[in-house]
Every structure is written in structure tokens, then in C-alpha cells.
file my_file_2.pdb (PDB, C-alpha atoms)
MODEL        1
ATOM      1  CA  MET A   1      18.182  31.557  58.974  1.00  0.00           C
ATOM      2  CA  THR A   2      19.193  31.820  55.356  1.00  0.00           C
ATOM      3  CA  LYS A   3      22.617  30.850  54.077  1.00  0.00           C
ATOM      4  CA  LEU A   4      23.319  34.541  53.495  1.00  0.00           C
ATOM      5  CA  ASP A   5      22.672  35.312  57.151  1.00  0.00           C
ATOM      6  CA  THR A   6      24.941  32.479  58.221  1.00  0.00           C
ATOM      7  CA  ASN A   7      27.783  33.714  56.042  1.00  0.00           C
ATOM      8  CA  THR A   8      27.260  37.308  57.107  1.00  0.00           C
ATOM      9  CA  LEU A   9      27.437  36.399  60.789  1.00  0.00           C
ATOM     10  CA  GLY A  10      30.513  34.234  60.228  1.00  0.00           C
ATOM     11  CA  ASN A  11      32.190  37.133  58.461  1.00  0.00           C
ATOM     12  CA  GLU A  12      31.162  39.480  61.274  1.00  0.00           C
ATOM     13  CA  LEU A  13      32.727  37.221  63.907  1.00  0.00           C
ATOM     14  CA  TYR A  14      35.891  36.878  61.850  1.00  0.00           C
ATOM     15  CA  GLU A  15      36.248  40.648  61.582  1.00  0.00           C
ATOM     16  CA  ALA A  16      35.613  40.937  65.339  1.00  0.00           C
ATOM     17  CA  LEU A  17      38.410  38.415  65.911  1.00  0.00           C
ATOM     18  CA  VAL A  18      40.845  40.282  63.676  1.00  0.00           C
ATOM     19  CA  GLN A  19      39.943  43.751  64.945  1.00  0.00           C
ATOM     20  CA  ARG A  20      39.708  42.639  68.619  1.00  0.00           C
ATOM     21  CA  GLN A  21      36.199  43.999  68.881  1.00  0.00           C
ATOM     22  CA  MET A  22      33.006  42.723  70.474  1.00  0.00           C
ATOM     23  CA  VAL A  23      29.708  42.073  68.719  1.00  0.00           C
ATOM     24  CA  GLU A  24      26.225  42.139  70.149  1.00  0.00           C
ATOM     25  CA  PRO A  25      24.793  38.704  71.046  1.00  0.00           C
ATOM     26  CA  LEU A  26      23.648  36.894  67.925  1.00  0.00           C
ATOM     27  CA  THR A  27      20.677  35.380  69.727  1.00  0.00           C
ATOM     28  CA  GLU A  28      19.346  38.837  70.583  1.00  0.00           C
ATOM     29  CA  ARG A  29      19.301  39.704  66.901  1.00  0.00           C
ATOM     30  CA  TYR A  30      18.150  36.266  65.742  1.00  0.00           C
ATOM     31  CA  PRO A  31      15.913  34.883  68.522  1.00  0.00           C
ATOM     32  CA  ASP A  32      15.065  31.787  66.484  1.00  0.00           C
ATOM     33  CA  MET A  33      18.714  30.870  65.901  1.00  0.00           C
ATOM     34  CA  THR A  34      19.361  27.159  66.436  1.00  0.00           C
ATOM     35  CA  ILE A  35      22.481  25.283  67.487  1.00  0.00           C
ATOM     36  CA  SER A  36      22.680  23.955  63.921  1.00  0.00           C
ATOM     37  CA  ASP A  37      22.653  27.555  62.671  1.00  0.00           C
ATOM     38  CA  GLY A  38      25.452  28.271  65.107  1.00  0.00           C
ATOM     39  CA  TYR A  39      27.640  25.532  63.659  1.00  0.00           C
ATOM     40  CA  ASN A  40      27.000  26.878  60.158  1.00  0.00           C
ATOM     41  CA  VAL A  41      28.172  30.303  61.327  1.00  0.00           C
ATOM     42  CA  GLN A  42      31.208  28.669  62.963  1.00  0.00           C
ATOM     43  CA  GLN A  43      32.062  26.930  59.709  1.00  0.00           C
ATOM     44  CA  ARG A  44      32.125  30.254  57.852  1.00  0.00           C
ATOM     45  CA  LEU A  45      34.317  31.760  60.587  1.00  0.00           C
ATOM     46  CA  ILE A  46      36.748  28.853  60.223  1.00  0.00           C
ATOM     47  CA  GLU A  47      36.694  29.158  56.434  1.00  0.00           C
ATOM     48  CA  ARG A  48      37.808  32.776  56.768  1.00  0.00           C
ATOM     49  CA  ARG A  49      40.690  31.733  59.009  1.00  0.00           C
ATOM     50  CA  LEU A  50      41.764  28.983  56.630  1.00  0.00           C
ATOM     51  CA  GLU A  51      41.659  31.437  53.737  1.00  0.00           C
ATOM     52  CA  GLN A  52      44.325  33.414  55.596  1.00  0.00           C
ATOM     53  CA  GLY A  53      46.630  30.415  55.792  1.00  0.00           C
ATOM     54  CA  GLU A  54      45.669  28.895  59.113  1.00  0.00           C
ATOM     55  CA  ARG A  55      45.629  25.112  59.451  1.00  0.00           C
ATOM     56  CA  ILE A  56      43.310  22.972  61.596  1.00  0.00           C
ATOM     57  CA  ILE A  57      45.281  20.954  64.144  1.00  0.00           C
ATOM     58  CA  GLY A  58      42.558  19.727  66.483  1.00  0.00           C
ATOM     59  CA  LYS A  59      39.294  20.359  68.290  1.00  0.00           C
ATOM     60  CA  LYS A  60      38.081  21.624  71.651  1.00  0.00           C
ATOM     61  CA  ILE A  61      35.100  20.498  73.673  1.00  0.00           C
ATOM     62  CA  GLY A  62      33.168  23.033  75.714  1.00  0.00           C
ATOM     63  CA  VAL A  63      30.165  23.095  78.046  1.00  0.00           C
ATOM     64  CA  THR A  64      31.206  19.770  79.570  1.00  0.00           C
ATOM     65  CA  SER A  65      30.165  20.427  83.172  1.00  0.00           C
ATOM     66  CA  GLN A  66      26.590  20.122  84.393  1.00  0.00           C
ATOM     67  CA  ALA A  67      26.844  23.578  85.976  1.00  0.00           C
ATOM     68  CA  VAL A  68      27.622  25.234  82.634  1.00  0.00           C
ATOM     69  CA  MET A  69      24.956  23.186  80.843  1.00  0.00           C
ATOM     70  CA  ASP A  70      22.433  24.385  83.410  1.00  0.00           C
ATOM     71  CA  MET A  71      23.617  27.975  82.997  1.00  0.00           C
ATOM     72  CA  LEU A  72      23.147  27.831  79.226  1.00  0.00           C
ATOM     73  CA  GLY A  73      19.967  25.765  79.414  1.00  0.00           C
ATOM     74  CA  VAL A  74      21.257  22.821  77.369  1.00  0.00           C
ATOM     75  CA  SER A  75      21.903  19.137  77.872  1.00  0.00           C
ATOM     76  CA  GLN A  76      24.882  18.742  75.553  1.00  0.00           C
ATOM     77  CA  PRO A  77      28.432  20.042  75.149  1.00  0.00           C
ATOM     78  CA  ASP A  78      29.676  21.939  72.122  1.00  0.00           C
ATOM     79  CA  PHE A  79      32.859  21.921  70.078  1.00  0.00           C
ATOM     80  CA  GLY A  80      35.180  24.297  68.280  1.00  0.00           C
ATOM     81  CA  GLN A  81      38.113  23.914  65.927  1.00  0.00           C
ATOM     82  CA  LEU A  82      41.750  24.593  66.797  1.00  0.00           C
ATOM     83  CA  THR A  83      44.203  26.109  64.338  1.00  0.00           C
ATOM     84  CA  ASP A  84      47.973  26.382  64.371  1.00  0.00           C
ATOM     85  CA  ARG A  85      47.817  30.115  65.086  1.00  0.00           C
ATOM     86  CA  MET A  86      46.042  29.467  68.384  1.00  0.00           C
ATOM     87  CA  VAL A  87      49.091  27.707  69.842  1.00  0.00           C
ATOM     88  CA  VAL A  88      51.182  29.522  72.447  1.00  0.00           C
ATOM     89  CA  ASN A  89      54.369  27.857  73.663  1.00  0.00           C
ATOM     90  CA  GLN A  90      54.599  27.189  77.369  1.00  0.00           C
ATOM     91  CA  GLY A  91      56.481  29.940  79.158  1.00  0.00           C
ATOM     92  CA  GLU A  92      55.740  32.530  76.499  1.00  0.00           C
ATOM     93  CA  SER A  93      53.748  35.570  77.506  1.00  0.00           C
ATOM     94  CA  ILE A  94      50.431  36.311  75.829  1.00  0.00           C
ATOM     95  CA  PRO A  95      49.917  39.982  75.002  1.00  0.00           C
ATOM     96  CA  MET A  96      46.520  41.193  76.149  1.00  0.00           C
ATOM     97  CA  SER A  97      46.336  43.135  72.886  1.00  0.00           C
ATOM     98  CA  ARG A  98      45.831  39.769  71.186  1.00  0.00           C
ATOM     99  CA  LEU A  99      42.662  39.072  73.176  1.00  0.00           C
ATOM    100  CA  ILE A 100      39.363  40.770  74.024  1.00  0.00           C
ATOM    101  CA  GLN A 101      37.894  39.434  77.294  1.00  0.00           C
ATOM    102  CA  PRO A 102      39.914  36.322  78.129  1.00  0.00           C
ATOM    103  CA  LYS A 103      39.418  33.687  80.793  1.00  0.00           C
ATOM    104  CA  ALA A 104      41.636  30.665  81.518  1.00  0.00           C
ATOM    105  CA  GLU A 105      40.649  27.027  81.937  1.00  0.00           C
ATOM    106  CA  GLY A 106      42.769  24.090  83.063  1.00  0.00           C
ATOM    107  CA  GLU A 107      42.211  20.985  80.958  1.00  0.00           C
ATOM    108  CA  ILE A 108      43.518  17.578  79.913  1.00  0.00           C
ATOM    109  CA  ALA A 109      44.604  17.514  76.256  1.00  0.00           C
ATOM    110  CA  PHE A 110      44.549  14.299  74.224  1.00  0.00           C
ATOM    111  CA  VAL A 111      47.008  13.701  71.371  1.00  0.00           C
ATOM    112  CA  LEU A 112      45.701  11.132  68.878  1.00  0.00           C
ATOM    113  CA  LYS A 113      47.762   8.484  67.095  1.00  0.00           C
ATOM    114  CA  ARG A 114      44.816   7.087  65.095  1.00  0.00           C
ATOM    115  CA  ASP A 115      41.751   8.488  63.366  1.00  0.00           C
ATOM    116  CA  LEU A 116      38.439   8.382  65.235  1.00  0.00           C
ATOM    117  CA  ALA A 117      35.288   8.387  63.147  1.00  0.00           C
ATOM    118  CA  GLY A 118      31.793   8.134  64.613  1.00  0.00           C
ATOM    119  CA  PRO A 119      29.125   7.025  65.059  1.00  0.00           C
ATOM    120  CA  GLY A 120      29.668   4.212  67.526  1.00  0.00           C
ATOM    121  CA  VAL A 121      32.957   5.419  69.046  1.00  0.00           C
ATOM    122  CA  THR A 122      33.365   4.155  72.625  1.00  0.00           C
ATOM    123  CA  VAL A 123      35.624   5.191  75.488  1.00  0.00           C
ATOM    124  CA  ALA A 124      37.737   2.113  74.770  1.00  0.00           C
ATOM    125  CA  ASP A 125      38.114   3.286  71.168  1.00  0.00           C
ATOM    126  CA  VAL A 126      39.246   6.705  72.391  1.00  0.00           C
ATOM    127  CA  LEU A 127      41.865   5.223  74.700  1.00  0.00           C
ATOM    128  CA  ARG A 128      43.203   2.938  71.953  1.00  0.00           C
ATOM    129  CA  ALA A 129      43.452   5.892  69.554  1.00  0.00           C
ATOM    130  CA  THR A 130      45.255   8.138  72.057  1.00  0.00           C
ATOM    131  CA  GLU A 131      49.022   8.516  71.970  1.00  0.00           C
ATOM    132  CA  GLY A 132      49.097  10.337  75.288  1.00  0.00           C
ATOM    133  CA  VAL A 133      47.721  13.187  77.375  1.00  0.00           C
ATOM    134  CA  MET A 134      49.083  16.573  78.457  1.00  0.00           C
ATOM    135  CA  ALA A 135      48.322  19.353  80.878  1.00  0.00           C
ATOM    136  CA  CYS A 136      46.800  22.298  79.035  1.00  0.00           C
ATOM    137  CA  PHE A 137      45.563  25.839  79.462  1.00  0.00           C
ATOM    138  CA  GLU A 138      42.782  26.944  77.167  1.00  0.00           C
ATOM    139  CA  ILE A 139      42.384  30.704  77.071  1.00  0.00           C
ATOM    140  CA  VAL A 140      38.776  31.195  76.047  1.00  0.00           C
ATOM    141  CA  ASP A 141      37.883  34.577  74.615  1.00  0.00           C
ATOM    142  CA  SER A 142      34.357  35.478  73.560  1.00  0.00           C
ATOM    143  CA  ARG A 143      33.802  37.960  70.775  1.00  0.00           C
ATOM    144  CA  VAL A 144      30.250  38.384  72.120  1.00  0.00           C
ATOM    145  CA  ARG A 145      29.919  41.470  74.296  1.00  0.00           C
ATOM    146  CA  ASP A 146      30.359  40.922  78.033  1.00  0.00           C
ATOM    147  CA  TRP A 147      30.080  37.137  77.667  1.00  0.00           C
ATOM    148  CA  LYS A 148      26.296  37.478  77.279  1.00  0.00           C
ATOM    149  CA  ILE A 149      26.080  34.150  75.514  1.00  0.00           C
ATOM    150  CA  LYS A 150      23.616  31.405  74.934  1.00  0.00           C
ATOM    151  CA  ILE A 151      24.773  28.079  73.550  1.00  0.00           C
ATOM    152  CA  GLN A 152      24.040  29.270  69.983  1.00  0.00           C
ATOM    153  CA  ASP A 153      26.285  32.314  70.457  1.00  0.00           C
ATOM    154  CA  THR A 154      29.276  30.396  71.725  1.00  0.00           C
ATOM    155  CA  VAL A 155      28.889  27.670  69.076  1.00  0.00           C
ATOM    156  CA  ALA A 156      28.857  30.316  66.350  1.00  0.00           C
ATOM    157  CA  ASP A 157      31.941  31.944  67.921  1.00  0.00           C
ATOM    158  CA  ASN A 158      33.924  28.708  67.521  1.00  0.00           C
ATOM    159  CA  ALA A 159      33.091  27.650  71.078  1.00  0.00           C
ATOM    160  CA  SER A 160      34.742  30.853  72.348  1.00  0.00           C
ATOM    161  CA  CYS A 161      38.198  29.635  71.311  1.00  0.00           C
ATOM    162  CA  GLY A 162      41.057  32.002  71.991  1.00  0.00           C
ATOM    163  CA  VAL A 163      44.477  30.391  72.293  1.00  0.00           C
ATOM    164  CA  PHE A 164      45.872  27.365  74.101  1.00  0.00           C
ATOM    165  CA  VAL A 165      49.076  26.294  75.806  1.00  0.00           C
ATOM    166  CA  LEU A 166      50.239  22.686  76.093  1.00  0.00           C
ATOM    167  CA  GLY A 167      52.238  21.466  79.079  1.00  0.00           C
ATOM    168  CA  ASP A 168      55.740  20.190  79.492  1.00  0.00           C
ATOM    169  CA  ARG A 169      55.318  16.510  78.641  1.00  0.00           C
ATOM    170  CA  LEU A 170      53.204  13.888  76.907  1.00  0.00           C
ATOM    171  CA  VAL A 171      52.209  11.099  79.305  1.00  0.00           C
ATOM    172  CA  ASP A 172      51.013   7.557  78.617  1.00  0.00           C
ATOM    173  CA  HIS A 173      47.348   7.603  79.638  1.00  0.00           C
ATOM    174  CA  ARG A 174      47.419   3.864  80.338  1.00  0.00           C
ATOM    175  CA  ASP A 175      49.256   4.667  83.560  1.00  0.00           C
ATOM    176  CA  LEU A 176      46.471   6.978  84.758  1.00  0.00           C
ATOM    177  CA  ASP A 177      42.940   6.939  86.060  1.00  0.00           C
ATOM    178  CA  LEU A 178      41.591   9.873  84.070  1.00  0.00           C
ATOM    179  CA  PHE A 179      38.409   9.870  86.158  1.00  0.00           C
ATOM    180  CA  THR A 180      40.237  10.751  89.379  1.00  0.00           C
ATOM    181  CA  THR A 181      43.194  12.714  87.971  1.00  0.00           C
ATOM    182  CA  GLY A 182      43.295  15.859  90.098  1.00  0.00           C
ATOM    183  CA  MET A 183      44.122  19.422  89.066  1.00  0.00           C
ATOM    184  CA  VAL A 184      45.278  22.452  91.029  1.00  0.00           C
ATOM    185  CA  LEU A 185      45.138  25.838  89.279  1.00  0.00           C
ATOM    186  CA  GLU A 186      47.097  28.798  90.684  1.00  0.00           C
ATOM    187  CA  LYS A 187      46.909  32.478  89.769  1.00  0.00           C
ATOM    188  CA  ASN A 188      49.745  34.676  90.970  1.00  0.00           C
ATOM    189  CA  GLY A 189      50.695  32.019  93.503  1.00  0.00           C
ATOM    190  CA  GLN A 190      47.202  31.586  94.961  1.00  0.00           C
ATOM    191  CA  VAL A 191      45.032  28.510  94.396  1.00  0.00           C
ATOM    192  CA  VAL A 192      41.960  29.616  92.439  1.00  0.00           C
ATOM    193  CA  GLY A 193      40.645  26.296  91.158  1.00  0.00           C
ATOM    194  CA  THR A 194      40.705  22.578  91.807  1.00  0.00           C
ATOM    195  CA  GLY A 195      39.054  19.731  89.974  1.00  0.00           C
ATOM    196  CA  ALA A 196      39.356  16.232  88.609  1.00  0.00           C
ATOM    197  CA  GLY A 197      38.804  14.402  85.344  1.00  0.00           C
ATOM    198  CA  ALA A 198      35.294  13.465  86.432  1.00  0.00           C
ATOM    199  CA  ALA A 199      34.300  17.133  85.973  1.00  0.00           C
ATOM    200  CA  THR A 200      34.199  16.644  82.212  1.00  0.00           C
ATOM    201  CA  MET A 201      31.115  14.526  81.543  1.00  0.00           C
ATOM    202  CA  GLY A 202      32.310  11.925  84.074  1.00  0.00           C
ATOM    203  CA  SER A 203      35.641  11.438  82.311  1.00  0.00           C
ATOM    204  CA  PRO A 204      37.569  13.350  79.645  1.00  0.00           C
ATOM    205  CA  ALA A 205      37.597  10.170  77.549  1.00  0.00           C
ATOM    206  CA  ILE A 206      33.777  10.218  77.560  1.00  0.00           C
ATOM    207  CA  ALA A 207      33.922  13.793  76.278  1.00  0.00           C
ATOM    208  CA  VAL A 208      36.259  12.812  73.419  1.00  0.00           C
ATOM    209  CA  ALA A 209      33.970   9.909  72.484  1.00  0.00           C
ATOM    210  CA  TRP A 210      31.029  12.344  72.421  1.00  0.00           C
ATOM    211  CA  LEU A 211      33.003  14.610  70.107  1.00  0.00           C
ATOM    212  CA  ALA A 212      33.927  11.817  67.696  1.00  0.00           C
ATOM    213  CA  ASN A 213      30.316  10.665  67.492  1.00  0.00           C
ATOM    214  CA  THR A 214      28.946  14.197  67.098  1.00  0.00           C
ATOM    215  CA  LEU A 215      31.426  14.929  64.310  1.00  0.00           C
ATOM    216  CA  GLY A 216      30.454  11.643  62.664  1.00  0.00           C
ATOM    217  CA  GLU A 217      26.876  12.885  62.377  1.00  0.00           C
ATOM    218  CA  LEU A 218      28.266  15.916  60.509  1.00  0.00           C
ATOM    219  CA  GLY A 219      30.435  13.861  58.165  1.00  0.00           C
ATOM    220  CA  MET A 220      33.630  14.830  60.003  1.00  0.00           C
ATOM    221  CA  SER A 221      36.196  12.838  61.967  1.00  0.00           C
ATOM    222  CA  LEU A 222      39.129  13.251  64.306  1.00  0.00           C
ATOM    223  CA  LYS A 223      42.517  12.687  62.687  1.00  0.00           C
ATOM    224  CA  ALA A 224      45.740  11.108  63.860  1.00  0.00           C
ATOM    225  CA  GLY A 225      48.045  13.797  65.192  1.00  0.00           C
ATOM    226  CA  GLU A 226      45.235  16.112  66.251  1.00  0.00           C
ATOM    227  CA  VAL A 227      45.093  17.680  69.704  1.00  0.00           C
ATOM    228  CA  ILE A 228      41.760  17.459  71.530  1.00  0.00           C
ATOM    229  CA  LEU A 229      41.050  19.744  74.480  1.00  0.00           C
ATOM    230  CA  SER A 230      38.629  17.721  76.562  1.00  0.00           C
ATOM    231  CA  GLY A 231      36.984  20.411  78.708  1.00  0.00           C
ATOM    232  CA  ALA A 232      37.534  22.534  81.803  1.00  0.00           C
ATOM    233  CA  LEU A 233      38.224  20.827  85.126  1.00  0.00           C
ATOM    234  CA  SER A 234      37.163  23.862  87.173  1.00  0.00           C
ATOM    235  CA  ALA A 235      35.542  27.250  86.672  1.00  0.00           C
ATOM    236  CA  MET A 236      36.933  29.801  84.216  1.00  0.00           C
ATOM    237  CA  VAL A 237      39.416  32.265  85.705  1.00  0.00           C
ATOM    238  CA  PRO A 238      39.418  35.880  84.416  1.00  0.00           C
ATOM    239  CA  VAL A 239      42.893  37.150  83.550  1.00  0.00           C
ATOM    240  CA  LYS A 240      44.547  40.534  82.973  1.00  0.00           C
ATOM    241  CA  ALA A 241      47.968  41.908  82.138  1.00  0.00           C
ATOM    242  CA  GLY A 242      50.537  40.915  84.744  1.00  0.00           C
ATOM    243  CA  ASP A 243      48.828  37.662  85.746  1.00  0.00           C
ATOM    244  CA  ASN A 244      50.822  34.429  85.972  1.00  0.00           C
ATOM    245  CA  LEU A 245      48.976  31.103  85.920  1.00  0.00           C
ATOM    246  CA  ARG A 246      50.115  27.575  86.596  1.00  0.00           C
ATOM    247  CA  MET A 247      48.146  24.366  86.631  1.00  0.00           C
ATOM    248  CA  THR A 248      49.305  20.949  87.797  1.00  0.00           C
ATOM    249  CA  LEU A 249      47.692  17.621  86.933  1.00  0.00           C
ATOM    250  CA  ALA A 250      48.534  14.662  89.148  1.00  0.00           C
ATOM    251  CA  GLY A 251      50.546  12.101  87.219  1.00  0.00           C
ATOM    252  CA  ILE A 252      50.548  14.202  84.054  1.00  0.00           C
ATOM    253  CA  GLY A 253      52.548  17.354  84.640  1.00  0.00           C
ATOM    254  CA  SER A 254      52.157  21.095  84.676  1.00  0.00           C
ATOM    255  CA  CYS A 255      51.485  24.019  82.382  1.00  0.00           C
ATOM    256  CA  SER A 256      52.132  27.706  82.889  1.00  0.00           C
ATOM    257  CA  VAL A 257      51.269  30.935  81.114  1.00  0.00           C
ATOM    258  CA  ARG A 258      51.612  34.649  81.742  1.00  0.00           C
ATOM    259  CA  PHE A 259      49.876  37.701  80.355  1.00  0.00           C
ATOM    260  CA  ASP A 260      51.413  41.059  79.353  1.00  0.00           C
TER     261      ASP A 260
ENDMDL
END

call {"tool": "encode", "arguments": {"input": "my_file_2.pdb", "output": "C-alpha cells"}}
result
Amino acid sequence: MTKLDTNTLGNELYEALVQRQMVEPLTERYPDMTISDGYNVQQRLIERRLEQGERIIGKKIGVTSQAVMDMLGVSQPDFGQLTDRMVVNQGESIPMSRLIQPKAEGEIAFVLKRDLAGPGVTVADVLRATEGVMACFEIVDSRVRDWKIKIQDTVADNASCGVFVLGDRLVDHRDLDLFTTGMVLEKNGQVVGTGAGAATMGSPAIAVAWLANTLGELGMSLKAGEVILSGALSAMVPVKAGDNLRMTLAGIGSCSVRFD
């Protein structure tokens, strides 16, 4: 792909985001599109958001489960960038008019107190750099029609970032076994998902180390104060107006969100 194509697709995805419209799968139009191309498109999409005054406050990791990797035919996760306008306060309702085709994921969020710069970042480095962890809902929202995505599509679309909601407290991770930390996700009072930290690449800390090292290869790093969404602990849950969701993480806390 040429640089012009990359910029054009990034602009197209930005306009889809703003207009709440879907685009046809990029990989159908560009069959030779690579993951690297996808990140170049993502960067243009983020540039457009920053031009409108948004500020990067963290990162998200996606495609962390083996099931999703198998579905997309890849052997690696992906990442997207979080901005301040993606934050929704716990207890606030999210208008469906803000989204296109949303799904909810329960996750463990890391809050960093130190920079992390790869390569060579280990799980121990991640834990030393972490101030604490929180329960989190990520509301993923693909701009690609009907979620007909390959890994290149979702990478280009900023890893299908929508909005996110942080839980009610920041917890010292040193008191936890993040591998076995269990989650229960409820929708309208019914349990619709369960999982544990091991669902994200064996441990959410492993996922954060992967992210730091991957960013290092791109000349980027994680910064103190950033929020890192470490990956879904169970399958995505479709949502619609009127839905109320709550997730609880053992030893960490809870997070809730509703949709109007």
C-alpha cells in the first residue's frame, strides 16, 4: 500500500467514527493489506482524533485469547490507543447514538506509575511499574460493517476501540494472583460470562509485557499514568439500549454500565 492509501483509509475510518457509519472491510478492498499497513492506517486515524483536541491516556490490548487468535488466523494480539474522550464514568449511561455496533468486554485495567519501554520488558518489570489494577468494561465498536474483520481490519480501526469504563477502586496488585483472579459478568441480572486472568495470554501481566515490547519495536513506550486495558476475560457481549451490565473481579472490585 502507498502512503496515500494509508492516509485515505485512516481518514475514512475517522469520518466513519464521527458520522457513526460503517465501512466495507478494508481487506476486501486491499487483499494484500498487512498488519503493518493496518497500524499505519491506525496512526492516521489517531492523528485525526488528536487534531480535534483528544489526548492519549493509555493503550488497549486485543486478540489476547487463543480462541480469537484462531478465529482471525493469527498468532499475536493487537493494540489500540485510548484517548480521554473514550472515558465514560462508572454509573453513567452510554447513549447508543454514540456507538455503531457495540459489544462489551470485562477486563483488568492496569494503571502505571513508571514508564515501560521495550524491548526486554518482563512480567516482573510490568508488576514493578504498576500502581494498581481496576475492574473495567471496554465497549468495543467496529466501524467495519457487521464485524466482518480480519486482524488487519481491526488493527486499522484502532483495535475496534469504542469507549471504556473504569471500576470503583484501584487495588494493589501485589495482594492478588492475577492468573487466577476470577470474573463474573452479568447482563440485566443474568450471568452471561465468566473468566479468569489466565484468559489473557496466561496472565494480564504477560499481555502488558507483550505490549511494551511490541511498542518498543515501533519506537514507542508506555508512560507513567497511562491506563492499559489488558484484554477480555470472556467472550464479547452484544448490547442494546436498555441493557445494564455489571462485572465483578474477585479481590479487585466491580464495574457497571448501562445503555440508553

call {"tool": "residues_around", "arguments": {"input": "my_file_2.pdb", "residues": "Val41 (chain A)", "least_positions_apart": "2", "cutoff": "9 Å", "atoms": "all atoms listed in the file", "output": "VMD selection string"}}
result
chain A and resid 5 to 11 13 36 to 39 43 to 46 155 to 158

call {"tool": "write_last_selection", "arguments": {"input": "my_file_2.pdb", "atoms": "C-alpha atoms", "output": "short mmCIF file (atom, residue, chain, number, x, y, z; two decimals), in the frame of the given file"}}
result
data_model
loop_
_atom_site.label_atom_id
_atom_site.label_comp_id
_atom_site.auth_asym_id
_atom_site.auth_seq_id
_atom_site.Cartn_x
_atom_site.Cartn_y
_atom_site.Cartn_z
CA ASP A 5 22.67 35.31 57.15
CA THR A 6 24.94 32.48 58.22
CA ASN A 7 27.78 33.71 56.04
CA THR A 8 27.26 37.31 57.11
CA LEU A 9 27.44 36.40 60.79
CA GLY A 10 30.51 34.23 60.23
CA ASN A 11 32.19 37.13 58.46
CA LEU A 13 32.73 37.22 63.91
CA SER A 36 22.68 23.96 63.92
CA ASP A 37 22.65 27.56 62.67
CA GLY A 38 25.45 28.27 65.11
CA TYR A 39 27.64 25.53 63.66
CA GLN A 43 32.06 26.93 59.71
CA ARG A 44 32.12 30.25 57.85
CA LEU A 45 34.32 31.76 60.59
CA ILE A 46 36.75 28.85 60.22
CA VAL A 155 28.89 27.67 69.08
CA ALA A 156 28.86 30.32 66.35
CA ASP A 157 31.94 31.94 67.92
CA ASN A 158 33.92 28.71 67.52
#

call {"tool": "closest_residue", "arguments": {"input": "my_file_2.pdb", "among": "A:Ser221, A:Ser160, A:Ser93, A:Ser203", "to": "Leu17 (chain A)", "atoms": "only C-alpha atoms"}}
result
A:Ser160

call {"tool": "closest_residue", "arguments": {"input": "my_file_2.pdb", "among": "A:Asn188, A:Ala199, A:Leu215, A:Leu166", "to": "Ile252 (chain A)", "atoms": "only C-alpha atoms"}}
result
A:Leu166

call {"tool": "atom_distance", "arguments": {"input": "my_file_2.pdb", "atom1": "CA of Gly189 (chain A)", "atom2": "CA of Val237 (chain A)"}}
result
13.7 Å

call {"tool": "axis_aligned_box", "arguments": {"input": "my_file_2.pdb", "around": "region 204-207 of chain A", "padding_each_side": "8 Å", "output": "JSON"}}
result
{"center_x": 35.7, "center_y": 12.0, "center_z": 78.0, "size_x": 19.8, "size_y": 19.6, "size_z": 19.4}

call {"tool": "closest_residue", "arguments": {"input": "my_file_2.pdb", "among": "A:Gln152, A:Phe137, A:Arg85, A:Gly118", "to": "Gly216 (chain A)", "atoms": "only C-alpha atoms"}}
result
A:Gly118

call {"tool": "atom_distance", "arguments": {"input": "my_file_2.pdb", "atom1": "CA of Leu229 (chain A)", "atom2": "CA of Lys60 (chain A)"}}
result
4.5 Å

call {"tool": "resolve_selection", "arguments": {"input": "my_file_2.pdb", "expression": "the PyMOL selection byres ((chain A and resi 234) around 6)", "output": "list in words"}}
result
Gly193, Thr194, Gly195, Ala232, Leu233 and Ala235 of chain A

call {"tool": "atom_distance", "arguments": {"input": "my_file_2.pdb", "atom1": "CA of Tyr30 (chain A)", "atom2": "CA of Glu47 (chain A)"}}
result
21.9 Å

call {"tool": "residues_near_point", "arguments": {"input": "my_file_2.pdb", "point": "(31.4, 24.7, 78.8)", "cutoff": "7 Å", "atoms": "only C-alpha atoms", "output": "PyMOL selection string"}}
result
chain A and resi 62-65+68-69+77

call {"tool": "closest_residue", "arguments": {"input": "my_file_2.pdb", "among": "A:Ile35, A:Leu99, A:Met22, A:Ile61", "to": "Gly162 (chain A)", "atoms": "all atoms listed in the file"}}
result
A:Leu99

call {"tool": "closest_residue", "arguments": {"input": "my_file_2.pdb", "among": "A:Arg258, A:Val87, A:Glu28, A:Ala209", "to": "Val123 (chain A)", "atoms": "all atoms listed in the file"}}
result
A:Ala209

call {"tool": "resolve_selection", "arguments": {"input": "my_file_2.pdb", "expression": "the PyMOL selection byres ((chain A and resi 98) around 12)", "output": "list in words"}}
result
Ala16, Leu17, Val18, Gln19, Arg20, Gln21, Arg85, Met86, Val88, Ser93, Ile94, Pro95, Met96, Ser97, Leu99, Ile100, Gln101, Pro102, Ile139, Asp141, Gly162, Val163, Lys240, Ala241, Phe259 and Asp260 of chain A

call {"tool": "resolve_selection", "arguments": {"input": "my_file_2.pdb", "expression": "the PyMOL selection byres ((chain A and resi 24) around 10)", "output": "JSON, numbers by chain"}}
result
{"A": [22, 23, 25, 26, 27, 28, 29, 143, 144, 145, 146, 147, 148, 149, 153]}

call {"tool": "decode", "arguments": {"input": "my_file_2.pdb", "residues": "region 120-142 of chain A", "atoms": "C-alpha atoms", "output": "mmCIF file, in the first residue's frame"}}
result
data_model
loop_
_atom_site.group_PDB
_atom_site.id
_atom_site.type_symbol
_atom_site.label_atom_id
_atom_site.label_comp_id
_atom_site.auth_asym_id
_atom_site.auth_seq_id
_atom_site.Cartn_x
_atom_site.Cartn_y
_atom_site.Cartn_z
ATOM 1 C CA GLY A 120 13.247 -6.758 27.049
ATOM 2 C CA VAL A 121 10.333 -5.876 29.354
ATOM 3 C CA THR A 122 9.450 -8.805 31.637
ATOM 4 C CA VAL A 123 6.403 -9.608 33.746
ATOM 5 C CA ALA A 124 8.404 -8.569 36.808
ATOM 6 C CA ASP A 125 9.078 -5.208 35.152
ATOM 7 C CA VAL A 126 5.357 -4.776 34.494
ATOM 8 C CA LEU A 127 4.439 -5.514 38.100
ATOM 9 C CA ARG A 128 7.081 -3.098 39.418
ATOM 10 C CA ALA A 129 5.811 -0.363 37.085
ATOM 11 C CA THR A 130 2.150 -0.852 38.043
ATOM 12 C CA GLU A 131 0.492 1.390 40.604
ATOM 13 C CA GLY A 132 -2.584 -0.807 40.803
ATOM 14 C CA VAL A 133 -5.341 -2.585 38.903
ATOM 15 C CA MET A 134 -9.053 -1.920 38.384
ATOM 16 C CA ALA A 135 -12.144 -3.642 37.100
ATOM 17 C CA CYS A 136 -13.019 -2.333 33.648
ATOM 18 C CA PHE A 137 -15.570 -2.547 30.875
ATOM 19 C CA GLU A 138 -14.300 -1.997 27.367
ATOM 20 C CA ILE A 139 -17.084 -1.278 24.909
ATOM 21 C CA VAL A 140 -15.636 -2.344 21.581
ATOM 22 C CA ASP A 141 -17.289 -0.917 18.497
ATOM 23 C CA SER A 142 -16.181 -1.818 14.987
#
